[in-house]
Amino acid sequence: MSRLSRRTVLATLAAYPLAVALPARAQAKDALKIGFIYVSPIGDAGWTHQHDIARIAMEKNLAPRVTTKYIENVPEGADAERVIRELAQSGHKLIFTTSFGYMNPTIKVAQQFPNTFFEHATGYKSAKNVGTYNARFYEGRYLAGIVAGRMTKSNVAGYVAAFPIPEVVMGINAFTRGMRSVNPKAETKVVWVSTWFDPGRESEAANTLVAQGADVLTHHTDSTAVVQAAEAKKVYAVAYHSDMSKYGPNAQITAVTHVWDKYYTDRAKAVLDGTWKPDHIWGGIREGMIAMGPFGKTVPSDVREAMLKVQGEIAAGKFHPFTGPIKDNEGKERLPAGTTISDETLLKMDYYVEGVQGRMPANK
Amino acid sequence: MDTFTQIVVLSLAAGTPLVFAALGELVVEKAGVLNLGVEGLMLVGAVASFIVAAKTGAPWLGVFVGALAAALLSLIFGVIVLTLRANQVATGLALSLFGIGLSAFVGRPYMSVVIEGIKPFAVPVLSDVPVAGKLLFAHNPLVYLSIALFVAVHVFLHRTRSGLVLRAVGESPQSARAIGYPVIAIRYAAVMFGGACAGLGGAFLAVAYTPSWVEGMTAGRGWIALALVVFATWKPWRVMIGAYLFGSVTLAQFQAQAAGAAVPSELLAMLPYLATVIVLAIISRDATAIRLNAPASLGKAYHPE
């Protein structure tokens with residue numbers, strides 16, 4: 001997940017000393033010290049929140065052999081490098097750096113601390129003591145699309161998206177394919193808000209989509225605004241990152257959530273057992289890194305079953321959301337029938353599939 | 001509601017936080033004080049209103065407390081720049097940083113709270129009038145309040161004696177004092193009024209528009225309001241044009257995207273800023289008029305004697 005310039009740096013500067021001042025937990029004598037660095041405040045929902053849930057789960061699973069410490073709201077850039085170095089210097093032997101923009105600082109600090117292990121989320125650079133991990137968000141998107149496709153009456157879904165980068169685009173495409181697998185008439189309208197986080201703008205975009213006929217909304221942005229807007233406008237919503245049913249008790253039909261719990265526990269265990277190696281994990285439904293949130297109460301049981309069936313197939317490795325034939329929305333064939341998209345092509349995805357309205361903003 | 005009406009309703013709402021904040025800042029600047037702390041004041045207004053609304057279940061009480069909290073914070077600014085005569089630019093920037101951090105800190109436990117916000121209100125009977133009914137009478141009550149604020153500010157500045165005094169203080173505090181007006185007291189009043197307005201803008205975002213509290217939720221609207229005052233050459237009606245233009249172009253570009261326009265979204269995201277600057281630059285292109293409108297003592301510390 002790339003984090004472009006998000007919250008104001010100023011807000012961060014103001015909050016940063018508080019975060020650092022938080023005392024580390026009481027530490028057992030020779031427990032493994034594990035550090036986390038977060039790009040935003042933990043909050044109640046969203047990207048960082050999911051990482052923190054996993055940190056707490058890991059601490060519980062491995063107590064009393066590990067202790068953890070986190071530093072939140074650290075902007076990507078010079079500050080990040082300093083914070084990561086501080087964590088390494090203060091004896092943390094395993095450090096999770098949970099945002100794309102921490103990539104270069106992580107690699108740099110890793111060179112200076114060859115005996116410390118680093119895990120960097122969503123990046124592509126590694127080293128002998130730096131592993132990377134990411135999740136196949138698109139699998140959850142496809143499943144959410146199935147539910148959306150069955151629930152929509154207007155056959156228009158609205159998608160509030162941040163920036164036209166491959167990760168976001170593949171989510172839009174997977175969602176649309178999932179939707180059209182059960183409802184070929186359904187289409188997706190996309191609005192780009194050019195920010196990861198601006199609740200005002202996100203709800204403006206959501207309201208615009210509802211005004212244009214969308215009756216199910218989803219988002220690839222960080223706040224809960226879209227789910228709340230859906231609740232206010234009495235349409236359906238698919239939440240992203242976290243379960244947001246609290247914000248849209250009637251609106252939320254399902255959610256695509258990130259679950260790092262098992263991964264973090266496994267990696268810490270590997271360090272404790274002395275078996276840690278740099279790995280490059282891209283896990284999805286099968287690995288439990290992506291999980292679907294609770295169904296909304298309006299979702300009928302046959303729809304739930306339809307989704308769960310495909311979820312089982314994805315988990316068993318029998319089905320890939322991007323299996324040919326895939327046409328883009330201008331009719332050009334992108335993937336022949338019977339083949340499955342390669343990870344490499346997927347990570348460069350720069351076109352809309354059939355069923356997404358409009359043209360990709362990044363297209364030349 | 002048809003699409004056009006929806007767009008109008010949404011545009012007015014999108015421009016409303018800017019209307020509140022910019023009108024308040026306009027009055028402050030007309031009194032000769034430059035308060036760059038609008039962003040921080042808006043956030044403090046937002047967080048205070050949200051906390052009160054969440055605790056009491058009364059969003060209107062929240063709006064009131066939001067305005068009050070921001071007014072009190074701007075009082076600190078007043079003490080520093082008016083009584084202690086510190087540099088206004090530096091103090092204003094510090095106030096912004098302080099407000100951003102303070103709101104994030106006190107708002108922490110409220111990030112996950114869901115409240116029943118202030119909803120748009122359709123005036124009975126009137127809103128049922130075909131076409132114009134929904135267009136004019138189905139807005140959020142705070143949108144009407146912002147329009148009332150505009151009328152009040154306009155009438156006050158240009159039609160009342162006290163407005164004339166306030167402008168005199170902004171033009172030449174020495175002369176105003178020479179004929180017996182309490183320059184510092186008037187400036188205090190203006191600063192607190194501006195703070196309260198910024199607080200209202202923040203409160204609108206937190207308890208009516210989204211409604212939610214998230215750290216940094218004004219996302220730069222305070223800075224836009226500041227720029228708007230300058231580009232509107234200190235005229236309330238131009239502030240209104242600028243704010244609504246900004247709101248409607250923001251909405252229009254979303255509308256265009258949802259309708260499938262093949263324009264890069266980054267370009268569309270620039271449009272509200274571009275359109276607002278161009279239009280306001282055109283309507284206020286008369287350099288002499290700008291010089292006449294700009295408060296002559298803006299940003300200068302005033303030393304009696």
# chains A, B, ... in the order shown; residues from 1 in each chain; ligands from 1
>>> interface_residues(of="chain B", to="chain A", cutoff="7 Å", atoms="only C-alpha atoms", output="NGL selection string")
:B and (3 or 6 or 97 or 100-101 or 111-112 or 114 or 210 or 216-217 or 219 or 251 or 254-255 or 257-258 or 260-266 or 269)
>>> residues_around(residues="range 124-134 of chain B", least_positions_apart="3", cutoff="9 Å", atoms="only C-alpha atoms", output="PyMOL selection string")
chain B and resi 1+5-6+9+121+137-139
>>> write_last_selection(atoms="C-alpha atoms", output="PDB file, in the first residue's frame")
ATOM      1  CA  MET B   1     -34.784  15.162  -5.979  1.00  0.00           C
ATOM      2  CA  THR B   5     -31.072  19.968  -7.422  1.00  0.00           C
ATOM      3  CA  GLN B   6     -28.877  17.414  -5.690  1.00  0.00           C
ATOM      4  CA  VAL B   9     -27.647  21.214  -2.522  1.00  0.00           C
ATOM      5  CA  PHE B 121     -34.176  20.077   6.986  1.00  0.00           C
ATOM      6  CA  PHE B 137     -35.671  25.021   1.220  1.00  0.00           C
ATOM      7  CA  ALA B 138     -34.112  21.605   1.747  1.00  0.00           C
ATOM      8  CA  HIS B 139     -30.636  22.463   3.001  1.00  0.00           C
TER       9      HIS B 139
END
>>> atom_distance(atom1="CA of Ala281 in chain B", atom2="CA of Thr233 in chain B")
9.2 Å
>>> closest_residue(among="B:Trp237, B:Phe98, B:Phe77, B:Tyr209", to="Leu142 in chain B", atoms="only C-alpha atoms")
B:Tyr209
>>> select_by_dssp(residues="range 150-220 of chain A", states="alpha helix (DSSP H)", output="ChimeraX atom specification")
/A:150-151,166-182,199-211
>>> residues_around(residues="Gly35 in chain A", least_positions_apart="3", cutoff="7 Å", atoms="only C-alpha atoms", output="ChimeraX atom specification")
/A:68-70,87,92,94-96
>>> atom_distance(atom1="CA of Met307 in chain A", atom2="CA of Val156 in chain A")
19.2 Å
>>> residues_around(residues="Thr67 in chain A", least_positions_apart="4", cutoff="7 Å", atoms="only C-alpha atoms", output="VMD selection string")
chain A and resid 27 31 to 34 59
>>> residues_around(residues="range 40-49 of chain B", least_positions_apart="6", cutoff="6 Å", atoms="only C-alpha atoms", output="list in words")
Gly62, Val63, Val65, Gly66, Ala67, Ala70, Ser96, Gly99, Ile100, Ser103, Gly107, Ala198, Gly199, Gly202, Ala203 and Ala206 of chain B
>>> closest_residue(among="B:Pro272, B:Gly194, B:Pro109, B:Pro304", to="Ala178 in chain B", atoms="only C-alpha atoms")
B:Pro304
